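As provided, input.pdb (PDB, C-alpha atoms) reads as follows.
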```
ATOM      1  CA  MET A  30     129.483 125.343 109.420  1.00  0.00           C
ATOM      2  CA  ASP A  31     129.174 128.631 111.192  1.00  0.00           C
ATOM      3  CA  PHE A  32     128.653 131.837 109.252  1.00  0.00           C
ATOM      4  CA  SER A  33     130.090 135.115 110.486  1.00  0.00           C
ATOM      5  CA  ILE A  34     129.320 138.480 108.936  1.00  0.00           C
ATOM      6  CA  THR A  35     132.673 139.694 110.256  1.00  0.00           C
ATOM      7  CA  THR A  36     134.526 136.925 108.417  1.00  0.00           C
ATOM      8  CA  PHE A  37     132.403 137.598 105.320  1.00  0.00           C
ATOM      9  CA  CYS A  38     133.466 141.257 105.362  1.00  0.00           C
ATOM     10  CA  LEU A  39     137.110 140.381 106.054  1.00  0.00           C
ATOM     11  CA  VAL A  40     137.162 137.953 103.121  1.00  0.00           C
ATOM     12  CA  ALA A  41     135.632 140.623 100.864  1.00  0.00           C
ATOM     13  CA  LEU A  42     138.196 143.200 102.022  1.00  0.00           C
ATOM     14  CA  SER A  43     141.048 140.739 101.647  1.00  0.00           C
ATOM     15  CA  MET A  44     140.016 139.857  98.104  1.00  0.00           C
ATOM     16  CA  GLY A  45     139.620 143.523  97.288  1.00  0.00           C
ATOM     17  CA  PHE A  46     143.134 144.151  98.550  1.00  0.00           C
ATOM     18  CA  ALA A  47     144.413 141.081  96.677  1.00  0.00           C
ATOM     19  CA  ASN A  48     142.978 142.449  93.453  1.00  0.00           C
ATOM     20  CA  VAL A  49     144.569 145.833  94.061  1.00  0.00           C
ATOM     21  CA  CYS A  50     147.864 143.955  94.420  1.00  0.00           C
ATOM     22  CA  GLY A  51     147.209 141.883  91.315  1.00  0.00           C
ATOM     23  CA  THR A  52     146.262 144.887  89.234  1.00  0.00           C
ATOM     24  CA  LEU A  53     149.328 146.827  90.365  1.00  0.00           C
ATOM     25  CA  TYR A  54     151.442 143.736  89.677  1.00  0.00           C
ATOM     26  CA  PHE A  55     150.283 143.611  86.058  1.00  0.00           C
ATOM     27  CA  ILE A  56     150.670 147.376  85.618  1.00  0.00           C
ATOM     28  CA  ASN A  57     154.268 147.217  86.875  1.00  0.00           C
ATOM     29  CA  LEU A  58     154.922 144.094  84.852  1.00  0.00           C
ATOM     30  CA  SER A  59     153.811 145.814  81.664  1.00  0.00           C
ATOM     31  CA  ASN A  60     155.949 148.840  82.579  1.00  0.00           C
ATOM     32  CA  LYS A  61     158.907 146.472  83.089  1.00  0.00           C
ATOM     33  CA  ASN A  62     159.447 147.603  86.685  1.00  0.00           C
ATOM     34  CA  PRO A  63     160.858 144.420  88.284  1.00  0.00           C
ATOM     35  CA  HIS A  64     161.074 145.506  91.937  1.00  0.00           C
ATOM     36  CA  ALA A  65     157.541 146.889  92.091  1.00  0.00           C
ATOM     37  CA  ALA A  66     156.138 143.890  90.185  1.00  0.00           C
ATOM     38  CA  ALA A  67     157.895 141.465  92.552  1.00  0.00           C
ATOM     39  CA  PHE A  68     156.620 143.354  95.607  1.00  0.00           C
ATOM     40  CA  TRP A  69     153.014 143.312  94.418  1.00  0.00           C
ATOM     41  CA  SER A  70     153.270 139.664  93.405  1.00  0.00           C
ATOM     42  CA  ALA A  71     154.485 138.654  96.880  1.00  0.00           C
ATOM     43  CA  THR A  72     151.847 140.808  98.577  1.00  0.00           C
ATOM     44  CA  LEU A  73     149.170 139.202  96.400  1.00  0.00           C
ATOM     45  CA  ILE A  74     150.164 135.757  97.671  1.00  0.00           C
ATOM     46  CA  LEU A  75     149.923 136.883 101.305  1.00  0.00           C
ATOM     47  CA  ALA A  76     146.474 138.417 100.796  1.00  0.00           C
ATOM     48  CA  ASN A  77     145.204 135.327  98.989  1.00  0.00           C
ATOM     49  CA  ALA A  78     146.494 133.009 101.713  1.00  0.00           C
ATOM     50  CA  PHE A  79     144.180 134.599 104.298  1.00  0.00           C
ATOM     51  CA  THR A  80     141.212 134.540 101.952  1.00  0.00           C
ATOM     52  CA  ILE A  81     141.576 130.988 100.747  1.00  0.00           C
ATOM     53  CA  THR A  82     141.931 129.542 104.225  1.00  0.00           C
ATOM     54  CA  ASN A  83     138.657 131.209 105.219  1.00  0.00           C
ATOM     55  CA  TYR A  84     136.366 130.501 102.297  1.00  0.00           C
ATOM     56  CA  VAL A  85     137.490 126.916 101.866  1.00  0.00           C
ATOM     57  CA  GLU A  86     136.012 126.229 105.309  1.00  0.00           C
ATOM     58  CA  ASN A  87     132.660 127.766 104.391  1.00  0.00           C
ATOM     59  CA  HIS A  88     131.592 128.056 100.769  1.00  0.00           C
ATOM     60  CA  ALA A  89     129.301 130.992 101.575  1.00  0.00           C
ATOM     61  CA  TYR A  90     132.459 133.125 101.683  1.00  0.00           C
ATOM     62  CA  VAL A  91     132.989 132.566  97.958  1.00  0.00           C
ATOM     63  CA  ALA A  92     130.418 135.329  97.442  1.00  0.00           C
ATOM     64  CA  ALA A  93     132.533 137.629  99.604  1.00  0.00           C
ATOM     65  CA  ALA A  94     135.601 136.707  97.544  1.00  0.00           C
ATOM     66  CA  PHE A  95     133.704 137.544  94.342  1.00  0.00           C
ATOM     67  CA  ILE A  96     132.532 140.923  95.659  1.00  0.00           C
ATOM     68  CA  GLY A  97     135.968 141.856  96.956  1.00  0.00           C
ATOM     69  CA  THR A  98     137.659 140.773  93.722  1.00  0.00           C
ATOM     70  CA  TYR A  99     135.319 142.853  91.596  1.00  0.00           C
ATOM     71  CA  LEU A 100     135.597 145.963  93.756  1.00  0.00           C
ATOM     72  CA  GLY A 101     139.378 145.706  94.082  1.00  0.00           C
ATOM     73  CA  ALA A 102     140.045 145.537  90.348  1.00  0.00           C
ATOM     74  CA  TYR A 103     137.400 148.123  89.472  1.00  0.00           C
ATOM     75  CA  GLY A 104     138.589 150.592  92.094  1.00  0.00           C
ATOM     76  CA  THR A 105     142.251 150.235  91.174  1.00  0.00           C
ATOM     77  CA  LEU A 106     141.641 150.792  87.478  1.00  0.00           C
ATOM     78  CA  LYS A 107     139.410 153.806  88.168  1.00  0.00           C
ATOM     79  CA  TRP A 108     142.129 155.243  90.428  1.00  0.00           C
ATOM     80  CA  GLN A 109     144.735 154.684  87.715  1.00  0.00           C
ATOM     81  CA  GLN A 110     142.533 156.386  85.106  1.00  0.00           C
ATOM     82  CA  LYS A 111     142.227 159.443  87.354  1.00  0.00           C
ATOM     83  CA  GLN A 112     146.008 159.502  87.873  1.00  0.00           C
ATOM     84  CA  GLU A 113     146.647 159.334  84.126  1.00  0.00           C
ATOM     85  CA  SER A 114     144.159 162.100  83.336  1.00  0.00           C
ATOM     86  CA  ARG A 115     145.998 164.611  85.536  1.00  0.00           C
TER      87      ARG A 115
END
```
Show this structure as structure tokens.
Amino acid sequence: MDFSITTFCLVALSMGFANVCGTLYFINLSNKNPHAAAFWSATLILANAFTITNYVENHAYVAAAFIGTYLGAYGTLKWQQKQESR
């Protein structure tokens, strides 16, 4: 199996974006905002589709998925905290 640093970075970015979508999905779900929750849910599926098809081929990309997932959720919640403190 070939390893590509470009694919590694794209998987990390995709998982980061997927976690932003997932976090915003749950925020809108808890706020009972059906259109926004549905949008973020659908976007989450699209982002995950790219990621899964790449790291299933090479298990080294699981690390990229982990990094992206962590950074996506952490960054989104930090952003939300800043928005709420204004």
message: Evaluated on this file, the PyMOL selection byres ((chain A and resi 51-62) around 12) picks out some residues - which ones are they, written as a ChimeraX atom specification?
response: /A:44-50,63-77,98-109
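Residue nearest Ala78 of chain A within the list A:Ser33, A:Ala92, A:Glu113, A:Val40: A:Val40 [criterion: smallest interatomic distance, all atoms listed in the file].
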- request: Just give me the gap between atom CA of Phe95 of chain A and atom CA of Ile34 of chain A in Å, one decimal is fine.
  value: 15.3 Å
statement: Shortest contact to Thr36 of chain A, candidates A:Arg115, A:Ile96, A:Tyr90, A:Gln110, atoms counted all atoms listed in the file, goes to A:Tyr90
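Going from atom CA of Gln112 of chain A over to atom CA of Leu42 of chain A, you cover 23.0 Å.
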First collect every listed atom of segment 93-99 of chain A; then fit an axis-aligned box around them, widen it by 6 Å on each side, and give centre and edge lengths in Å to one decimal, as lines of an AutoDock Vina configuration file.
```
center_x = 135.1
center_y = 139.8
center_z = 95.6
size_x = 17.1
size_y = 18.1
size_z = 20.0
```
- request: Rounded to one decimal place, report the atom CA of His88 of chain A-atom CA of Phe32 of chain A distance in Å.
  value: 9.7 Å
